[in-house]
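Colleague: Please find one structure pasted underneath; my questions will follow.
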Amino acid sequence: MSTEHPLTPFDQLMVLDERPGYPMCFFIEADVEGPVDQPQLVAAVARAADRHPRVRSRIASRNGRLVWLPPDRLPQVEWFPCQSGDTASASTPLPWRPIDLRHEAGVRLVAREVAPQAWQVTLMVHHAVCDGLAAIEFMGDIWSCYHGASPAPFRQSVGQRGQPAATPQAPAPQRLAREALSFATFFPQPIGPGPTADQDQHQPSVLSPPFASVALSRDLTASLRARAAAAGCTVNDVVVAAVMRGIVAWNAAAGRPARGVRITMPCSLKPPGQRAPAVNDMSYAFLDRTAQQCQSAAGLVRSIGAASRWIQEQRAAEGFLHTLAAMARVPRLLWMLTRLPICLSTAVVSSVGNVGARMRANVPKMDGCDLPGNLRITALRGVPPLRPRTRLSVGITHYSGQLHLTFLCDSAALGPLASQRVVGLVQAALLETAEALSRSPDEAGAFP
């Protein structure tokens with residue numbers, strides 16, 4: 001019998017850091033061609049949810065602490081065929097409204113027909129429920145069930161089914177203190193407000209998602225991957241560098257030159273090959289660079305590559321979880337952390353790599369695309385949530401040979417068309433950075 005169990009410190013942070021205007025939700029979206037069948041999709045979501053208790057659970061307060069209740073809800077499926085975009089009004093329930101974890105399941109599926117037999121199917125997930133990789137696996141289960149096939153079996157390397165793997169022993173107090181001091185003494189600057197003239201521009205439909213995305217062609221994606229590999233780096237390293245350089249350029253154009261940029265980088269702690277019911281099994285690492293260090297594109301990429309390898313090899317992101325666990329022992333300290341009136345991070349950049357392989361939908365495939373039922377999935381993308389003063393979130397996915405970049409911006413602070421502007425700025429910075437990398441001699445990064 002299912003019982004109540006407490007939220008982990010990370011889960012608690014995801015609940016406590018939520019506030020009006022900043023829902024702690026991320027998005028996983030698929031472009032789908034074909035006649036999506038509504039009852040079949042609803043049934044597939046229900047069947048897939050049976051494997052993942054967390055996506056059917058709510059939270060409650062018990063004696064001053066937050067707990068997960070036994071699963072008693074199903075994820076909502078909201079359906080918007082083509083004509084709904086023309087009839088949507090202020091009274092239409094917005095699909096992107098925040099998720100109330102105390103009263104509803106923390107996952108919502110939104111199916112929007114953007115052209116005849118062309119759909120965008122989006123998972124909106126409260127981050128207290130699970131991390132992005134778990135959400136992608138859940139989406140794979142949905143498509144498997146839609147196809148009438150059995151989802152990929154769970155494979156546990158360590159830990160108990162349905163629970164995160166046990167956190168290794170905490171690092172020495174001296175190291176934690178050193179890392180905390182380094183974090184506290186670096187002062188990243190938030191992205192400054194952009195032009196406001198676009199307030200009078202045509203506003204998007206109320207059904208349009210709050211993020212913007214761009215897909216690089218297969219040839220450009222392959223070229224980018226080859227250039228990164230030749231320099232001993234990854235595409236993710238190049239994108240992080242491009243985001244940093246784009247932020248510096250944005251702030252300079254806005255008349256607010258950046259002193260320093262901090263990128264929050266989500267890191268999965270799940271062992272390779274493990275597949276389990278959805279939970280949070282991740283942490284954060286942080287990459288700090290000054291504006292001057294961002295000037296050399298090639299040096300910046302290589303330094304980020306070296307730092308990323310060190311983070312993975314040393315499992316350095318786990319230090320963030322140890323800090324959260326220590327803070328969670330002091331009443332209200334986590335809540336106070338979320339209310340500090342300073343910028344703790346300039347942007348979040350999350351990469352999940354080959355999202356099709358992560359999803360593992362048990363369906364036929366053609367040219368790298370999944371084919372559930374009589375449908376064809378042509379693109380998969382995702383983006384993490386925002387928090388106050390961290391005004392940009394970037395998601396990186398690979399699907400069917402293409403690199404997809406998705407941007408979620410704080411439009412209240414940066415302007416209603418900020419996401420579209422950032423798309424162009426980062427895309428240009430990405431191409432410039434890749435070109436600089438191919439021209440630069442192979443050398444180690446100049447800074448850690």
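Every chain in the structure tokens takes a letter, A first, then B, and so on in the order presented; its residues are numbered from 1, and the ligands are numbered from 1 following the presented order.
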Determine which residues of region 43-113 of chain A DSSP labels as helix (DSSP H, G or I) from the backbone of this structure, then write them out as a list in words.
Modeller: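 Helix (DSSP H, G or I) assignments inside region 43-113 of chain A correspond to Ala43, Ala44, Val45, Ala46, Arg47, Ala48, Ala49, Pro53, Arg54, Val55, Arg56, Ser84, Gly85, Asp86 and Thr87 of chain A.
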Colleague: How would the residues just chosen look if you wrote them out with C-alpha atoms as a PDB file, in the first residue's frame?
Modeller:
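New file part_33.pdb:
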ATOM      1  CA  ALA A  43      -5.619   6.315 -22.688  1.00  0.00           C
ATOM      2  CA  ALA A  44      -1.881   6.182 -23.419  1.00  0.00           C
ATOM      3  CA  VAL A  45      -1.170   8.864 -20.807  1.00  0.00           C
ATOM      4  CA  ALA A  46      -3.204   6.972 -18.205  1.00  0.00           C
ATOM      5  CA  ARG A  47      -1.478   3.667 -18.970  1.00  0.00           C
ATOM      6  CA  ALA A  48       1.990   5.231 -18.902  1.00  0.00           C
ATOM      7  CA  ALA A  49       1.211   7.067 -15.652  1.00  0.00           C
ATOM      8  CA  PRO A  53       3.587   7.080  -9.117  1.00  0.00           C
ATOM      9  CA  ARG A  54       5.175  10.524  -8.802  1.00  0.00           C
ATOM     10  CA  VAL A  55       3.359  11.902 -11.876  1.00  0.00           C
ATOM     11  CA  ARG A  56       0.052  10.954 -10.210  1.00  0.00           C
ATOM     12  CA  SER A  84      -9.489  26.491 -31.059  1.00  0.00           C
ATOM     13  CA  GLY A  85      -6.784  29.027 -31.840  1.00  0.00           C
ATOM     14  CA  ASP A  86      -9.371  31.205 -33.557  1.00  0.00           C
ATOM     15  CA  THR A  87     -11.936  30.960 -30.768  1.00  0.00           C
TER      16      THR A  87
END
Colleague: Which residues of region 325-355 of chain A come within 10 Å of region 117-141 of chain A, and what is each one's closest atom pair and distance in Å (one decimal), counting only C-alpha atoms, sorted by chain and residue number, as a tab-separated table?
Modeller:
residue	atom	partner	partner_atom	distance
A:Ser350	CA	A:Gly132	CA	9.0
A:Ser351	CA	A:Gly132	CA	9.6
A:Val352	CA	A:Leu133	CA	7.0
A:Val355	CA	A:Ile136	CA	7.4
Colleague: Based on the selection just made, write N, CA and C atoms of those residues as a PDB file, in the first residue's frame.
Modeller:
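So the final result, stored in again15.pdb, reads:
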ATOM      1  N   SER A 350      20.655  23.562 -20.107  1.00  0.00           N
ATOM      2  CA  SER A 350      20.457  22.135 -19.851  1.00  0.00           C
ATOM      3  C   SER A 350      20.569  21.351 -21.151  1.00  0.00           C
ATOM      4  N   SER A 351      21.388  20.309 -21.139  1.00  0.00           N
ATOM      5  CA  SER A 351      21.562  19.460 -22.316  1.00  0.00           C
ATOM      6  C   SER A 351      21.199  18.026 -21.973  1.00  0.00           C
ATOM      7  N   VAL A 352      20.375  17.393 -22.815  1.00  0.00           N
ATOM      8  CA  VAL A 352      20.015  15.988 -22.602  1.00  0.00           C
ATOM      9  C   VAL A 352      20.559  15.094 -23.711  1.00  0.00           C
ATOM     10  N   VAL A 355      17.892  12.916 -27.524  1.00  0.00           N
ATOM     11  CA  VAL A 355      16.645  12.785 -26.780  1.00  0.00           C
ATOM     12  C   VAL A 355      15.835  11.575 -27.228  1.00  0.00           C
TER      13      VAL A 355
END
Colleague: Skip region 230-243 of chain A itself and residues of its chain fewer than 4 positions away, then list as a count of residues only all residues within 7 Å of it, counting only C-alpha atoms.
Modeller: 17
Colleague: Interatomic distance between CA of Pro116 (chain A) and CA of Ser217 (chain A)?
Modeller: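 CA of Pro116 (chain A) sits 24.2 Å away from CA of Ser217 (chain A).
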Colleague: Could you make a table, as CSV, of the residues of region 11-110 of chain A that have an atom within 12 Å of an atom of region 408-416 of chain A, each with its nearest atom pair and distance in Å to one decimal, counting only C-alpha atoms, in chain and number order?
Modeller:
residue,atom,partner,partner_atom,distance
A:Pro20,CA,A:Ala412,CA,11.9
A:Gly21,CA,A:Ala412,CA,8.6
A:Tyr22,CA,A:Asp410,CA,8.7
A:Pro23,CA,A:Asp410,CA,11.5
A:Cys25,CA,A:Leu408,CA,11.3
A:Phe26,CA,A:Leu408,CA,9.6
A:Phe27,CA,A:Leu408,CA,9.8
Colleague: Can those selected residues be exported to a file as a PDB file, in the first residue's frame so that it contains N, CA and C atoms?
Modeller:
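Here's the written file out.pdb:
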ATOM      1  N   PRO A  20       4.342  33.597  -7.831  1.00  0.00           N
ATOM      2  CA  PRO A  20       3.564  34.111  -8.962  1.00  0.00           C
ATOM      3  C   PRO A  20       4.471  34.674 -10.058  1.00  0.00           C
ATOM      4  N   GLY A  21       4.193  34.294 -11.275  1.00  0.00           N
ATOM      5  CA  GLY A  21       4.991  34.741 -12.409  1.00  0.00           C
ATOM      6  C   GLY A  21       6.178  33.853 -12.711  1.00  0.00           C
ATOM      7  N   TYR A  22       6.509  32.929 -11.794  1.00  0.00           N
ATOM      8  CA  TYR A  22       7.652  32.039 -11.994  1.00  0.00           C
ATOM      9  C   TYR A  22       7.282  30.610 -11.620  1.00  0.00           C
ATOM     10  N   PRO A  23       6.407  29.984 -12.406  1.00  0.00           N
ATOM     11  CA  PRO A  23       6.047  28.582 -12.118  1.00  0.00           C
ATOM     12  C   PRO A  23       7.261  27.693 -12.280  1.00  0.00           C
ATOM     13  N   CYS A  25       8.080  24.988 -13.564  1.00  0.00           N
ATOM     14  CA  CYS A  25       7.688  23.962 -14.539  1.00  0.00           C
ATOM     15  C   CYS A  25       8.624  24.002 -15.733  1.00  0.00           C
ATOM     16  N   PHE A  26       8.932  22.829 -16.264  1.00  0.00           N
ATOM     17  CA  PHE A  26       9.687  22.768 -17.503  1.00  0.00           C
ATOM     18  C   PHE A  26       8.845  22.104 -18.582  1.00  0.00           C
ATOM     19  N   PHE A  27       9.334  22.172 -19.812  1.00  0.00           N
ATOM     20  CA  PHE A  27       8.560  21.738 -20.972  1.00  0.00           C
ATOM     21  C   PHE A  27       9.364  20.734 -21.797  1.00  0.00           C
TER      22      PHE A  27
END
Colleague: Using only C-alpha atoms, what does the table of region 181-273 of chain A residues within 8 Å of region 388-405 of chain A look like, with each row giving the shortest atom pair and its distance in Å to one decimal, sorted by chain and ascending number, as CSV?
Modeller:
residue,atom,partner,partner_atom,distance
A:Pro190,CA,A:Arg389,CA,5.9
A:Ile191,CA,A:Arg391,CA,6.4
A:Ser213,CA,A:Leu405,CA,5.5
A:Val214,CA,A:Leu405,CA,5.4
A:Ala215,CA,A:His404,CA,4.4
A:Leu216,CA,A:Leu403,CA,5.3
A:Ser217,CA,A:Gln402,CA,5.8
A:Arg218,CA,A:Gln402,CA,4.9
A:Thr221,CA,A:Leu403,CA,5.8
A:Ala222,CA,A:Gly401,CA,7.7
A:Asn236,CA,A:Ile396,CA,7.5
Colleague: Which residue out of A:Thr290, A:Gln312, A:Gln189, A:Gln274 has the minimum interatomic distance to Ala347 (chain A) when only C-alpha atoms are used?
Modeller: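 For Ala347 (chain A), the nearest of the candidates is A:Gln189.
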Colleague: Grab the CA of Asn374 (chain A) to CA of Gly148 (chain A) distance for me, in Å with one decimal place.
Modeller: 11.5 Å
Colleague: Sorted by chain and rising residue number, list the residues of region 203-266 of chain A at most 6 Å from region 184-188 of chain A (counting only C-alpha atoms), each with its closest atom pair and distance in Å to one decimal, as JSON lines.
Modeller:
{"residue": "A:Gly260", "atom": "CA", "partner": "A:Pro188", "partner_atom": "CA", "distance": 4.7}
{"residue": "A:Val261", "atom": "CA", "partner": "A:Pro188", "partner_atom": "CA", "distance": 4.9}
{"residue": "A:Arg262", "atom": "CA", "partner": "A:Pro188", "partner_atom": "CA", "distance": 5.6}
Colleague: Go through A:Ala111, A:Ala316, A:Ala306, A:Val15 one by one, measure the shortest atom-to-atom distance of each to Arg58 (chain A) using only C-alpha atoms, and give the residue with the smallest value.
Modeller: A:Val15
Colleague: Please compute the CA of Ala325 (chain A)-CA of Ser283 (chain A) distance, one decimal, in Å.
Modeller: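 We find that CA of Ala325 (chain A) and CA of Ser283 (chain A) lie 12.0 Å from each other.
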Colleague: Quick one: of A:Ala249, A:Met327, A:Ala278, A:Ile263, who's nearest to Ser308 (chain A), counting only C-alpha atoms?
Modeller: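 Residue with the minimum atom-to-atom distance to Ser308 (chain A): A:Ile263.
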Colleague: My list of candidates is A:Leu437, A:Ala379, A:Leu321, A:Val363. Which is closest to Ala298 (chain A) when distances are computed with only C-alpha atoms?
Modeller: A:Leu437
Colleague: Given the choices A:Ser303, A:Ser144, A:Gln314, A:Thr264, which gets closest to Leu344 (chain A) if the distance is worked out from only C-alpha atoms?
Modeller: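 Counting only C-alpha atoms, the residue closest to Leu344 (chain A) is A:Thr264.
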Colleague: What residues in region 272-374 of chain A get the DSSP label strand (DSSP E)? Please answer as a list of chain:residue names.
Modeller: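 Selecting the strand (DSSP E) positions of region 272-374 of chain A gives A:Met282, A:Ser283, A:Tyr284, A:Ala285, A:Phe286, A:Leu287, A:Asp288, A:Arg289, A:Thr290, A:Ala347, A:Val348, A:Val349, A:Ser350, A:Ser351, A:Val352, A:Gly353, A:Asn354, A:Lys365, A:Met366, A:Cys369, A:Asp370.
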Colleague: For each of A:Ala297, A:Ala357, A:Val383, A:Val348, take the minimum atom-to-atom distance to Glu432 (chain A), counting only C-alpha atoms, then give the residue where this is smallest.
Modeller: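 Residue with the minimum atom-to-atom distance to Glu432 (chain A): A:Ala297.
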